[in-house]
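Undergrad: Please find protein_11.cif (mmCIF, C-alpha atoms; chains and numbers go by the auth columns) on the next line:
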```
data_my_file
loop_
_atom_site.group_PDB
_atom_site.id
_atom_site.type_symbol
_atom_site.label_atom_id
_atom_site.label_comp_id
_atom_site.label_asym_id
_atom_site.label_seq_id
_atom_site.Cartn_x
_atom_site.Cartn_y
_atom_site.Cartn_z
_atom_site.B_iso_or_equiv
_atom_site.auth_seq_id
_atom_site.auth_asym_id
ATOM 1 C CA MET A 1 11.585 -46.944 -0.438 0.00 159 A
ATOM 2 C CA ALA A 2 13.297 -43.633 -1.216 0.00 160 A
ATOM 3 C CA ALA A 3 11.034 -43.122 -4.218 0.00 161 A
ATOM 4 C CA GLU A 4 7.952 -43.790 -2.099 0.00 162 A
ATOM 5 C CA LYS A 5 9.085 -41.267 0.526 0.00 163 A
ATOM 6 C CA GLN A 6 9.716 -38.667 -2.150 0.00 164 A
ATOM 7 C CA GLU A 7 6.290 -39.277 -3.649 0.00 165 A
ATOM 8 C CA ALA A 8 4.645 -38.980 -0.230 0.00 166 A
ATOM 9 C CA PHE A 9 6.562 -35.774 0.467 0.00 167 A
ATOM 10 C CA SER A 10 5.542 -34.275 -2.886 0.00 168 A
ATOM 11 C CA SER A 11 1.938 -35.233 -2.238 0.00 169 A
ATOM 12 C CA LEU A 12 2.059 -33.537 1.164 0.00 170 A
ATOM 13 C CA GLN A 13 3.530 -30.382 -0.367 0.00 171 A
ATOM 14 C CA ASP A 14 0.774 -30.306 -2.983 0.00 172 A
ATOM 15 C CA ARG A 15 -1.886 -30.661 -0.309 0.00 173 A
ATOM 16 C CA ILE A 16 -0.358 -27.858 1.777 0.00 174 A
ATOM 17 C CA SER A 17 -0.160 -25.591 -1.281 0.00 175 A
ATOM 18 C CA ALA A 18 -3.765 -26.374 -2.197 0.00 176 A
ATOM 19 C CA LEU A 19 -4.883 -25.586 1.353 0.00 177 A
ATOM 20 C CA GLU A 20 -3.025 -22.272 1.321 0.00 178 A
ATOM 21 C CA ARG A 21 -4.508 -21.306 -2.046 0.00 179 A
ATOM 22 C CA SER A 22 -8.002 -22.155 -0.848 0.00 180 A
ATOM 23 C CA SER A 23 -7.554 -19.791 2.102 0.00 181 A
ATOM 24 C CA TRP A 24 -6.948 -16.984 -0.413 0.00 182 A
ATOM 25 C CA ASN A 25 -10.265 -17.692 -2.156 0.00 183 A
ATOM 26 C CA VAL A 26 -8.417 -18.975 -5.216 0.00 184 A
ATOM 27 C CA GLY A 27 -10.426 -21.097 -7.621 0.00 185 A
ATOM 28 C CA GLY A 28 -14.096 -21.213 -8.507 0.00 186 A
ATOM 29 C CA VAL A 29 -16.153 -18.178 -9.465 0.00 187 A
ATOM 30 C CA THR A 30 -15.513 -15.210 -7.174 0.00 188 A
ATOM 31 C CA PRO A 31 -16.282 -11.493 -7.628 0.00 189 A
ATOM 32 C CA SER A 32 -12.814 -11.172 -9.151 0.00 190 A
ATOM 33 C CA SER A 33 -13.418 -13.789 -11.810 0.00 191 A
ATOM 34 C CA ALA A 34 -16.717 -12.671 -13.291 0.00 192 A
ATOM 35 C CA GLY A 35 -16.221 -12.337 -17.025 0.00 193 A
ATOM 36 C CA ASN A 36 -12.489 -12.894 -16.676 0.00 194 A
ATOM 37 C CA ASN A 37 -10.751 -15.867 -18.248 0.00 195 A
ATOM 38 C CA ASP A 38 -7.504 -15.248 -16.366 0.00 196 A
ATOM 39 C CA ALA A 39 -9.195 -15.472 -12.988 0.00 197 A
ATOM 40 C CA ASP A 40 -11.001 -18.643 -14.052 0.00 198 A
ATOM 41 C CA ALA A 41 -7.674 -20.371 -14.615 0.00 199 A
ATOM 42 C CA ASN A 42 -6.871 -23.537 -12.718 0.00 200 A
ATOM 43 C CA ALA A 43 -6.202 -22.622 -9.092 0.00 201 A
ATOM 44 C CA SER A 44 -3.149 -24.870 -9.069 0.00 202 A
ATOM 45 C CA THR A 45 -1.395 -22.489 -11.476 0.00 203 A
ATOM 46 C CA ILE A 46 -1.621 -19.567 -9.050 0.00 204 A
ATOM 47 C CA ILE A 47 1.416 -19.124 -6.826 0.00 205 A
ATOM 48 C CA ILE A 48 1.258 -17.482 -3.409 0.00 206 A
ATOM 49 C CA THR A 49 4.516 -15.543 -3.086 0.00 207 A
ATOM 50 C CA PRO A 50 6.427 -14.861 0.157 0.00 208 A
ATOM 51 C CA ALA A 51 5.644 -11.148 -0.246 0.00 209 A
ATOM 52 C CA MET A 52 1.913 -11.869 -0.371 0.00 210 A
ATOM 53 C CA THR A 53 2.171 -14.122 2.660 0.00 211 A
ATOM 54 C CA ARG A 54 4.040 -11.382 4.517 0.00 212 A
ATOM 55 C CA ALA A 55 1.304 -8.859 3.724 0.00 213 A
ATOM 56 C CA ARG A 56 -1.442 -11.219 4.795 0.00 214 A
ATOM 57 C CA ARG A 57 0.230 -12.117 8.078 0.00 215 A
ATOM 58 C CA HIS A 58 0.512 -8.424 8.876 0.00 216 A
ATOM 59 C CA THR A 59 -3.220 -7.896 8.323 0.00 217 A
ATOM 60 C CA GLN A 60 -3.830 -10.739 10.754 0.00 218 A
ATOM 61 C CA THR A 61 -1.451 -9.488 13.455 0.00 219 A
ATOM 62 C CA SER A 62 -2.911 -5.989 13.000 0.00 220 A
ATOM 63 C CA HIS A 63 -6.382 -7.389 13.715 0.00 221 A
ATOM 64 C CA CYS A 64 -7.728 -6.336 10.334 0.00 222 A
ATOM 65 C CA PHE A 65 -10.417 -8.996 10.349 0.00 223 A
ATOM 66 C CA SER A 66 -12.289 -7.364 7.476 0.00 224 A
ATOM 67 C CA ALA A 67 -9.407 -8.078 5.072 0.00 225 A
ATOM 68 C CA ILE A 68 -10.404 -9.612 1.732 0.00 226 A
ATOM 69 C CA TRP A 69 -8.062 -10.740 -1.059 0.00 227 A
ATOM 70 C CA ARG A 70 -8.946 -10.729 -4.745 0.00 228 A
ATOM 71 C CA HIS A 71 -7.051 -12.260 -7.641 0.00 229 A
ATOM 72 C CA CYS A 72 -7.276 -9.967 -10.679 0.00 230 A
ATOM 73 C CA PRO A 73 -6.740 -10.468 -14.418 0.00 231 A
ATOM 74 C CA SER A 74 -3.308 -9.731 -15.842 0.00 232 A
ATOM 75 C CA ASP A 75 -4.700 -6.754 -17.791 0.00 233 A
ATOM 76 C CA TYR A 76 -6.276 -5.213 -14.677 0.00 234 A
ATOM 77 C CA TYR A 77 -4.373 -1.931 -15.010 0.00 235 A
ATOM 78 C CA SER A 78 -5.336 -1.474 -18.640 0.00 236 A
ATOM 79 C CA ARG A 79 -9.013 -1.498 -17.687 0.00 237 A
ATOM 80 C CA SER A 80 -11.135 1.478 -16.667 0.00 238 A
ATOM 81 C CA LEU A 81 -11.819 2.265 -13.020 0.00 239 A
ATOM 82 C CA ASP A 82 -15.436 1.195 -13.482 0.00 240 A
ATOM 83 C CA GLU A 83 -14.289 -2.188 -14.776 0.00 241 A
ATOM 84 C CA ARG A 84 -11.916 -2.579 -11.838 0.00 242 A
ATOM 85 C CA VAL A 85 -14.810 -1.916 -9.464 0.00 243 A
ATOM 86 C CA LYS A 86 -16.681 -4.869 -10.974 0.00 244 A
ATOM 87 C CA ILE A 87 -13.621 -7.120 -10.847 0.00 245 A
ATOM 88 C CA LEU A 88 -13.103 -6.420 -7.149 0.00 246 A
ATOM 89 C CA GLY A 89 -16.759 -6.468 -6.230 0.00 247 A
ATOM 90 C CA ALA A 90 -16.416 -2.937 -4.854 0.00 248 A
ATOM 91 C CA ASN A 91 -19.285 -0.471 -4.536 0.00 249 A
ATOM 92 C CA ASN A 92 -17.789 2.521 -6.350 0.00 250 A
ATOM 93 C CA VAL A 93 -14.558 3.970 -7.758 0.00 251 A
ATOM 94 C CA SER A 94 -13.917 6.062 -4.638 0.00 252 A
ATOM 95 C CA GLN A 95 -12.898 2.845 -2.857 0.00 253 A
ATOM 96 C CA LEU A 96 -9.990 2.167 -5.220 0.00 254 A
ATOM 97 C CA CYS A 97 -6.687 3.300 -3.719 0.00 255 A
ATOM 98 C CA LYS A 98 -2.947 3.020 -4.255 0.00 256 A
ATOM 99 C CA ALA A 99 0.099 3.330 -2.011 0.00 257 A
ATOM 100 C CA CYS A 100 2.905 5.703 -3.039 0.00 258 A
ATOM 101 C CA LEU A 101 6.275 5.985 -1.305 0.00 259 A
ATOM 102 C CA PHE A 102 7.491 9.568 -0.931 0.00 260 A
ATOM 103 C CA GLU A 103 10.938 10.765 0.097 0.00 261 A
ATOM 104 C CA ASN A 104 11.788 14.038 1.800 0.00 262 A
ATOM 105 C CA LYS A 105 14.958 15.093 -0.017 0.00 263 A
ATOM 106 C CA ASN A 106 15.629 17.675 2.716 0.00 264 A
ATOM 107 C CA TYR A 107 15.534 15.067 5.473 0.00 265 A
ATOM 108 C CA VAL A 108 18.034 15.545 8.289 0.00 266 A
ATOM 109 C CA CYS A 109 18.511 12.677 10.712 0.00 267 A
ATOM 110 C CA GLY A 110 17.403 13.665 14.211 0.00 268 A
ATOM 111 C CA ALA A 111 16.532 17.182 13.081 0.00 269 A
ATOM 112 C CA GLY A 112 14.720 19.431 15.516 0.00 270 A
ATOM 113 C CA ALA A 113 14.286 23.158 15.917 0.00 271 A
ATOM 114 C CA GLY A 114 15.446 25.232 12.985 0.00 272 A
ATOM 115 C CA ALA A 115 15.859 22.240 10.676 0.00 273 A
ATOM 116 C CA GLY A 116 15.136 22.578 7.019 0.00 274 A
ATOM 117 C CA GLU A 117 17.560 25.340 6.109 0.00 275 A
ATOM 118 C CA GLY A 118 19.700 22.865 4.184 0.00 276 A
ATOM 119 C CA GLU A 119 19.560 19.373 2.781 0.00 277 A
ATOM 120 C CA GLY A 120 20.743 16.290 4.579 0.00 278 A
ATOM 121 C CA LYS A 121 20.640 12.520 4.504 0.00 279 A
ATOM 122 C CA GLY A 122 19.518 10.283 7.307 0.00 280 A
ATOM 123 C CA GLY A 123 21.774 7.518 8.510 0.00 281 A
ATOM 124 C CA ASP A 124 20.980 3.861 9.129 0.00 282 A
ATOM 125 C CA ASP A 125 22.113 4.250 12.736 0.00 283 A
ATOM 126 C CA ASP A 126 18.899 6.167 13.440 0.00 284 A
ATOM 127 C CA LYS A 127 16.605 3.630 11.776 0.00 285 A
ATOM 128 C CA ASP A 128 15.201 2.279 15.030 0.00 286 A
ATOM 129 C CA LYS A 129 14.208 5.745 16.248 0.00 287 A
ATOM 130 C CA VAL A 130 10.740 6.139 14.809 0.00 288 A
ATOM 131 C CA ASP A 131 9.545 9.743 14.590 0.00 289 A
ATOM 132 C CA PRO A 132 6.510 10.138 12.315 0.00 290 A
ATOM 133 C CA THR A 133 6.964 13.918 12.408 0.00 291 A
ATOM 134 C CA ASN A 134 10.414 13.600 10.853 0.00 292 A
ATOM 135 C CA SER A 135 10.802 10.641 8.541 0.00 293 A
ATOM 136 C CA ARG A 136 12.826 10.406 5.378 0.00 294 A
ATOM 137 C CA TYR A 137 10.062 8.324 3.802 0.00 295 A
ATOM 138 C CA TYR A 138 6.263 8.322 4.017 0.00 296 A
ATOM 139 C CA LEU A 139 3.924 5.797 2.429 0.00 297 A
ATOM 140 C CA ILE A 140 0.812 7.645 1.327 0.00 298 A
ATOM 141 C CA VAL A 141 -2.454 5.894 0.517 0.00 299 A
ATOM 142 C CA VAL A 142 -4.552 7.914 -1.920 0.00 300 A
ATOM 143 C CA GLN A 143 -7.669 7.295 -3.994 0.00 301 A
ATOM 144 C CA TYR A 144 -7.344 6.936 -7.754 0.00 302 A
ATOM 145 C CA ILE A 145 -9.855 9.752 -8.139 0.00 303 A
ATOM 146 C CA GLU A 146 -7.638 12.052 -6.051 0.00 304 A
ATOM 147 C CA SER A 147 -4.196 13.548 -6.643 0.00 305 A
ATOM 148 C CA ILE A 148 -1.589 14.216 -3.960 0.00 306 A
ATOM 149 C CA THR A 149 -0.755 17.918 -3.760 0.00 307 A
ATOM 150 C CA ALA A 150 2.805 18.904 -2.865 0.00 308 A
ATOM 151 C CA LYS A 151 1.876 22.070 -0.974 0.00 309 A
ATOM 152 C CA LYS A 152 -0.771 20.314 1.090 0.00 310 A
ATOM 153 C CA LEU A 153 1.542 17.417 1.855 0.00 311 A
ATOM 154 C CA ALA A 154 4.343 19.725 3.007 0.00 312 A
ATOM 155 C CA SER A 155 1.989 21.804 5.137 0.00 313 A
ATOM 156 C CA GLU A 156 0.326 18.811 6.790 0.00 314 A
ATOM 157 C CA LEU A 157 3.616 17.070 7.597 0.00 315 A
ATOM 158 C CA ARG A 158 5.002 20.274 9.073 0.00 316 A
ATOM 159 C CA GLY A 159 1.818 20.586 11.131 0.00 317 A
ATOM 160 C CA LEU A 160 2.480 17.256 12.842 0.00 318 A
ATOM 161 C CA ARG A 161 4.591 19.244 15.294 0.00 319 A
ATOM 162 C CA PRO A 162 2.944 21.935 17.440 0.00 320 A
ATOM 163 C CA PRO A 163 3.747 25.606 16.836 0.00 321 A
ATOM 164 C CA GLY A 164 6.928 26.659 18.565 0.00 322 A
ATOM 165 C CA SER A 165 10.615 25.916 18.626 0.00 323 A
ATOM 166 C CA THR A 166 10.272 22.263 17.615 0.00 324 A
ATOM 167 C CA ARG A 167 8.283 22.897 14.439 0.00 325 A
ATOM 168 C CA PHE A 168 10.269 22.674 11.213 0.00 326 A
ATOM 169 C CA SER A 169 10.834 25.673 8.974 0.00 327 A
ATOM 170 C CA PRO A 170 8.510 26.091 5.953 0.00 328 A
ATOM 171 C CA THR A 171 11.262 24.829 3.642 0.00 329 A
ATOM 172 C CA TYR A 172 11.929 21.529 5.411 0.00 330 A
ATOM 173 C CA PHE A 173 9.269 19.602 3.485 0.00 331 A
ATOM 174 C CA SER A 174 9.614 21.666 0.305 0.00 332 A
ATOM 175 C CA ASP A 175 11.215 18.851 -1.695 0.00 333 A
ATOM 176 C CA LEU A 176 8.996 15.791 -1.377 0.00 334 A
ATOM 177 C CA ARG A 177 9.234 13.384 -4.299 0.00 335 A
ATOM 178 C CA LEU A 178 8.144 9.907 -5.271 0.00 336 A
ATOM 179 C CA ALA A 179 10.924 7.545 -4.231 0.00 337 A
ATOM 180 C CA PRO A 180 12.798 5.830 -7.096 0.00 338 A
ATOM 181 C CA ALA A 181 11.356 2.457 -8.079 0.00 339 A
ATOM 182 C CA ASP A 182 14.381 0.492 -6.876 0.00 340 A
ATOM 183 C CA GLU A 183 14.315 2.285 -3.525 0.00 341 A
ATOM 184 C CA SER A 184 10.610 1.564 -3.159 0.00 342 A
ATOM 185 C CA VAL A 185 11.190 -2.143 -3.774 0.00 343 A
ATOM 186 C CA LYS A 186 14.061 -2.175 -1.287 0.00 344 A
ATOM 187 C CA LEU A 187 12.038 -0.514 1.478 0.00 345 A
ATOM 188 C CA THR A 188 8.571 -1.955 0.908 0.00 346 A
ATOM 189 C CA GLY A 189 9.499 -5.344 -0.518 0.00 347 A
ATOM 190 C CA TYR A 190 6.903 -4.903 -3.265 0.00 348 A
ATOM 191 C CA GLY A 191 7.177 -4.102 -6.954 0.00 349 A
ATOM 192 C CA HIS A 192 5.217 -1.751 -9.214 0.00 350 A
ATOM 193 C CA ASN A 193 1.422 -2.064 -8.872 0.00 351 A
ATOM 194 C CA GLY A 194 1.826 -4.436 -5.943 0.00 352 A
ATOM 195 C CA VAL A 195 2.784 -2.104 -3.086 0.00 353 A
ATOM 196 C CA SER A 196 0.870 -2.845 0.099 0.00 354 A
ATOM 197 C CA PRO A 197 0.985 -0.843 3.345 0.00 355 A
ATOM 198 C CA PHE A 198 0.948 -4.193 5.137 0.00 356 A
ATOM 199 C CA GLY A 199 4.109 -6.247 5.563 0.00 357 A
ATOM 200 C CA MET A 200 6.596 -3.638 4.378 0.00 358 A
ATOM 201 C CA LEU A 201 10.228 -4.607 4.893 0.00 359 A
ATOM 202 C CA ASP A 202 10.925 -1.280 6.590 0.00 360 A
ATOM 203 C CA SER A 203 8.225 -1.182 9.235 0.00 361 A
ATOM 204 C CA THR A 204 9.405 2.203 10.549 0.00 362 A
ATOM 205 C CA ILE A 205 7.997 4.117 7.571 0.00 363 A
ATOM 206 C CA PRO A 206 4.925 6.133 8.662 0.00 364 A
ATOM 207 C CA ILE A 207 1.661 5.380 6.846 0.00 365 A
ATOM 208 C CA VAL A 208 -0.374 8.409 5.762 0.00 366 A
ATOM 209 C CA LEU A 209 -4.018 8.019 4.773 0.00 367 A
ATOM 210 C CA CYS A 210 -5.542 10.823 2.727 0.00 368 A
ATOM 211 C CA ALA A 211 -8.368 12.429 4.708 0.00 369 A
ATOM 212 C CA SER A 212 -10.725 12.178 1.730 0.00 370 A
ATOM 213 C CA ILE A 213 -10.777 8.398 2.233 0.00 371 A
ATOM 214 C CA THR A 214 -12.510 8.814 5.598 0.00 372 A
ATOM 215 C CA LYS A 215 -15.490 10.349 3.789 0.00 373 A
ATOM 216 C CA ILE A 216 -16.209 7.524 1.351 0.00 374 A
ATOM 217 C CA ARG A 217 -19.202 5.242 1.783 0.00 375 A
ATOM 218 C CA PRO A 218 -19.110 2.430 2.517 0.00 376 A
ATOM 219 C CA GLN A 219 -15.979 2.734 4.648 0.00 377 A
ATOM 220 C CA PHE A 220 -14.025 0.048 2.823 0.00 378 A
ATOM 221 C CA ILE A 221 -11.026 0.463 0.501 0.00 379 A
ATOM 222 C CA TRP A 222 -9.015 -1.602 -1.970 0.00 380 A
ATOM 223 C CA MET A 223 -5.253 -1.400 -2.490 0.00 381 A
ATOM 224 C CA GLY A 224 -2.196 -3.403 -3.546 0.00 382 A
ATOM 225 C CA GLY A 225 -1.943 -6.872 -2.057 0.00 383 A
ATOM 226 C CA GLY A 226 1.777 -7.546 -2.426 0.00 384 A
ATOM 227 C CA HIS A 227 1.576 -8.629 -6.081 0.00 385 A
ATOM 228 C CA PRO A 228 0.300 -6.854 -9.241 0.00 386 A
ATOM 229 C CA ASP A 229 -2.402 -9.502 -9.703 0.00 387 A
ATOM 230 C CA TRP A 230 -3.681 -9.378 -6.136 0.00 388 A
ATOM 231 C CA LYS A 231 -5.674 -6.670 -4.380 0.00 389 A
ATOM 232 C CA LEU A 232 -6.444 -6.267 -0.702 0.00 390 A
ATOM 233 C CA GLY A 233 -9.668 -4.841 0.665 0.00 391 A
ATOM 234 C CA VAL A 234 -10.026 -3.657 4.264 0.00 392 A
ATOM 235 C CA SER A 235 -12.267 -1.405 6.333 0.00 393 A
ATOM 236 C CA VAL A 236 -10.985 2.137 6.828 0.00 394 A
ATOM 237 C CA SER A 237 -11.279 2.002 10.618 0.00 395 A
ATOM 238 C CA GLU A 238 -9.272 -1.229 10.881 0.00 396 A
ATOM 239 C CA PHE A 239 -6.684 0.150 8.469 0.00 397 A
ATOM 240 C CA ILE A 240 -6.151 3.273 10.574 0.00 398 A
ATOM 241 C CA GLU A 241 -6.055 1.428 13.879 0.00 399 A
ATOM 242 C CA GLY A 242 -4.070 -1.573 12.681 0.00 400 A
ATOM 243 C CA LEU A 243 -1.322 0.463 11.013 0.00 401 A
ATOM 244 C CA ASN A 244 -1.473 3.483 13.322 0.00 402 A
ATOM 245 C CA ALA A 245 -2.002 5.471 10.138 0.00 403 A
ATOM 246 C CA ILE A 246 -1.812 9.265 10.156 0.00 404 A
ATOM 247 C CA VAL A 247 -4.853 10.874 8.536 0.00 405 A
ATOM 248 C CA LEU A 248 -3.888 14.057 6.673 0.00 406 A
ATOM 249 C CA ASP A 249 -5.572 16.318 4.129 0.00 407 A
ATOM 250 C CA VAL A 250 -3.018 16.003 1.318 0.00 408 A
ATOM 251 C CA SER A 251 -5.053 15.428 -1.845 0.00 409 A
ATOM 252 C CA GLU A 252 -7.534 17.045 -4.194 0.00 410 A
ATOM 253 C CA PRO A 253 -10.004 15.605 -6.731 0.00 411 A
ATOM 254 C CA ARG A 254 -8.486 14.804 -10.104 0.00 412 A
ATOM 255 C CA ALA A 255 -9.791 16.698 -13.106 0.00 413 A
ATOM 256 C CA ASN A 256 -9.353 13.488 -15.096 0.00 414 A
ATOM 257 C CA THR A 257 -9.270 10.081 -13.410 0.00 415 A
ATOM 258 C CA LEU A 258 -7.201 8.721 -16.298 0.00 416 A
ATOM 259 C CA GLU A 259 -4.269 10.974 -15.393 0.00 417 A
ATOM 260 C CA THR A 260 -0.996 9.214 -14.691 0.00 418 A
ATOM 261 C CA GLU A 261 0.611 12.085 -12.787 0.00 419 A
ATOM 262 C CA GLU A 262 1.189 11.109 -9.150 0.00 420 A
ATOM 263 C CA ILE A 263 1.784 14.537 -7.602 0.00 421 A
ATOM 264 C CA SER A 264 1.112 18.130 -8.502 0.00 422 A
ATOM 265 C CA SER A 265 2.612 21.351 -7.208 0.00 423 A
ATOM 266 C CA ALA A 266 -0.666 23.236 -7.386 0.00 424 A
#
```
Give the structure from this file in structure tokens form.

TA:
Amino acid sequence: MAAEKQEAFSSLQDRISALERSSWNVGGVTPSSAGNNDADANASTIIITPAMTRARRHTQTSHCFSAIWRHCPSDYYSRSLDERVKILGANNVSQLCKACLFENKNYVCGAGAGAGEGEGKGGDDDKDKVDPTNSRYYLIVVQYIESITAKKLASELRGLRPPGSTRFSPTYFSDLRLAPADESVKLTGYGHNGVSPFGMLDSTIPIVLCASITKIRPQFIWMGGGHPDWKLGVSVSEFIEGLNAIVLDVSEPRANTLETEEISSA
């Protein structure tokens, strides 16, 4: 009897897993599997991780009904941008984006007028006080064909506060850097090449969308889906509204789209 119960339980688990995978468009020939042996693999071998589930649930609660998930080949990041467009079923390379976590090394917890003359560290006791104009971390979504510019980023973040006594000094955002990999994993819950703006562990981190993204056509972008082999596509309008994203002009066109540099000081 015990063996029969165990077999029935295992069968039920398999059916639940199969149902979950089918809801992610896993299996069969999809836009992500054209000409790709990895994507044509047996759907039962693909595992839906808790991080991916967390990201997907956030798209649902954020009313991002346009969200689409694509399973990509393991060598996705060694392929050209044009090849990635075909894998995702996108329209053009301008729709391909990535999410980068930046840290303000000059951050001062609860800073106000006159802040920025020295460096400081924020404390965990202030974590629940969300102030997008003064955050230690910012998650920035940028196109692969664009490069985040340090001067623009500093200027735009400073401009989130109106002119006057509450605006930070010009030096307050002068030391913005990519957060260390381990810190990014700790705060977002996602590893390299899998960072998604949806379902981050620290939900207080402001989301910044590069203004250039609002000019692409069609208004649909692709980004990390919580795992290196999964990508998430969503309409720009739903992304902005669902995540309360801040649209800022913080990037410039890359001279070479194959560059690996994430930020420039020019």

Undergrad: Excluding A:Asp340 and any residue of its chain fewer than 6 positions from it, enumerate the residues within 12 Å of it, using only C-alpha atoms, and give them as a list in words.

TA: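 Residues near the query, excluding close chain neighbours: Leu259, Thr346, Gly347, Tyr348, Gly349 and His350 of chain A.
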
Undergrad: Got a sec to resolve the PyMOL selection byres ((chain A and resi 289-300) around 8) on this structure and send the residues as a VMD selection string?

TA: chain A and resid 255 to 263 265 to 266 268 to 269 280 287 to 288 301 to 302 304 to 306 315 to 316 318 to 319 355 363 to 368 371 409

Undergrad: Distance atom CA of A:Asp333-atom CA of A:Leu406, one decimal place?

TA: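 If I compute the distance from atom CA of A:Asp333 to atom CA of A:Leu406, I get 17.9 Å.
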
Undergrad: What residues come out when you apply the PyMOL selection byres ((chain A and resi 332) around 9) to this file, written as JSON, numbers by chain?

TA: {"A": [262, 263, 264, 274, 308, 309, 312, 328, 329, 330, 331, 333, 334]}

Undergrad: Calculate how many Å separate atom CA of A:Val405 from atom CA of A:Ser361, rounding to one decimal.

TA: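 It comes out at 17.8 Å.
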
Undergrad: Just give me the gap between atom CA of A:Lys373 and atom CA of A:Ser236 in Å, one decimal is fine.

TA: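 Between atom CA of A:Lys373 and atom CA of A:Ser236 the gap works out to 27.3 Å.
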
Undergrad: Would you mind listing what lies within 7 Å of stretch 378-389 of chain A as an MDAnalysis selection string, with only C-alpha atoms counted and same-chain residues fewer than 3 positions away left out?

TA: chainID A and resid 209:210 213 227:232 253:256 348 351:354 392:394

Undergrad: Which residue, A:Gly247, A:Gly357, A:Pro338, A:Gly317, has the smallest gap to A:Thr211 when you use only C-alpha atoms?

TA: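 For A:Thr211, the nearest of the given residues is A:Gly357.
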
Undergrad: Using only C-alpha atoms, which of the listed residues (A:Thr324, A:Pro376, A:Leu390, A:Ile204) sits closest to A:Val251?

TA: A:Pro376

Undergrad: Could you check the closest approach to A:Leu401 for each of A:Arg237, A:His221, A:Lys244, A:Arg215 and tell me which residue wins, using all atoms listed in the file?

TA: A:His221
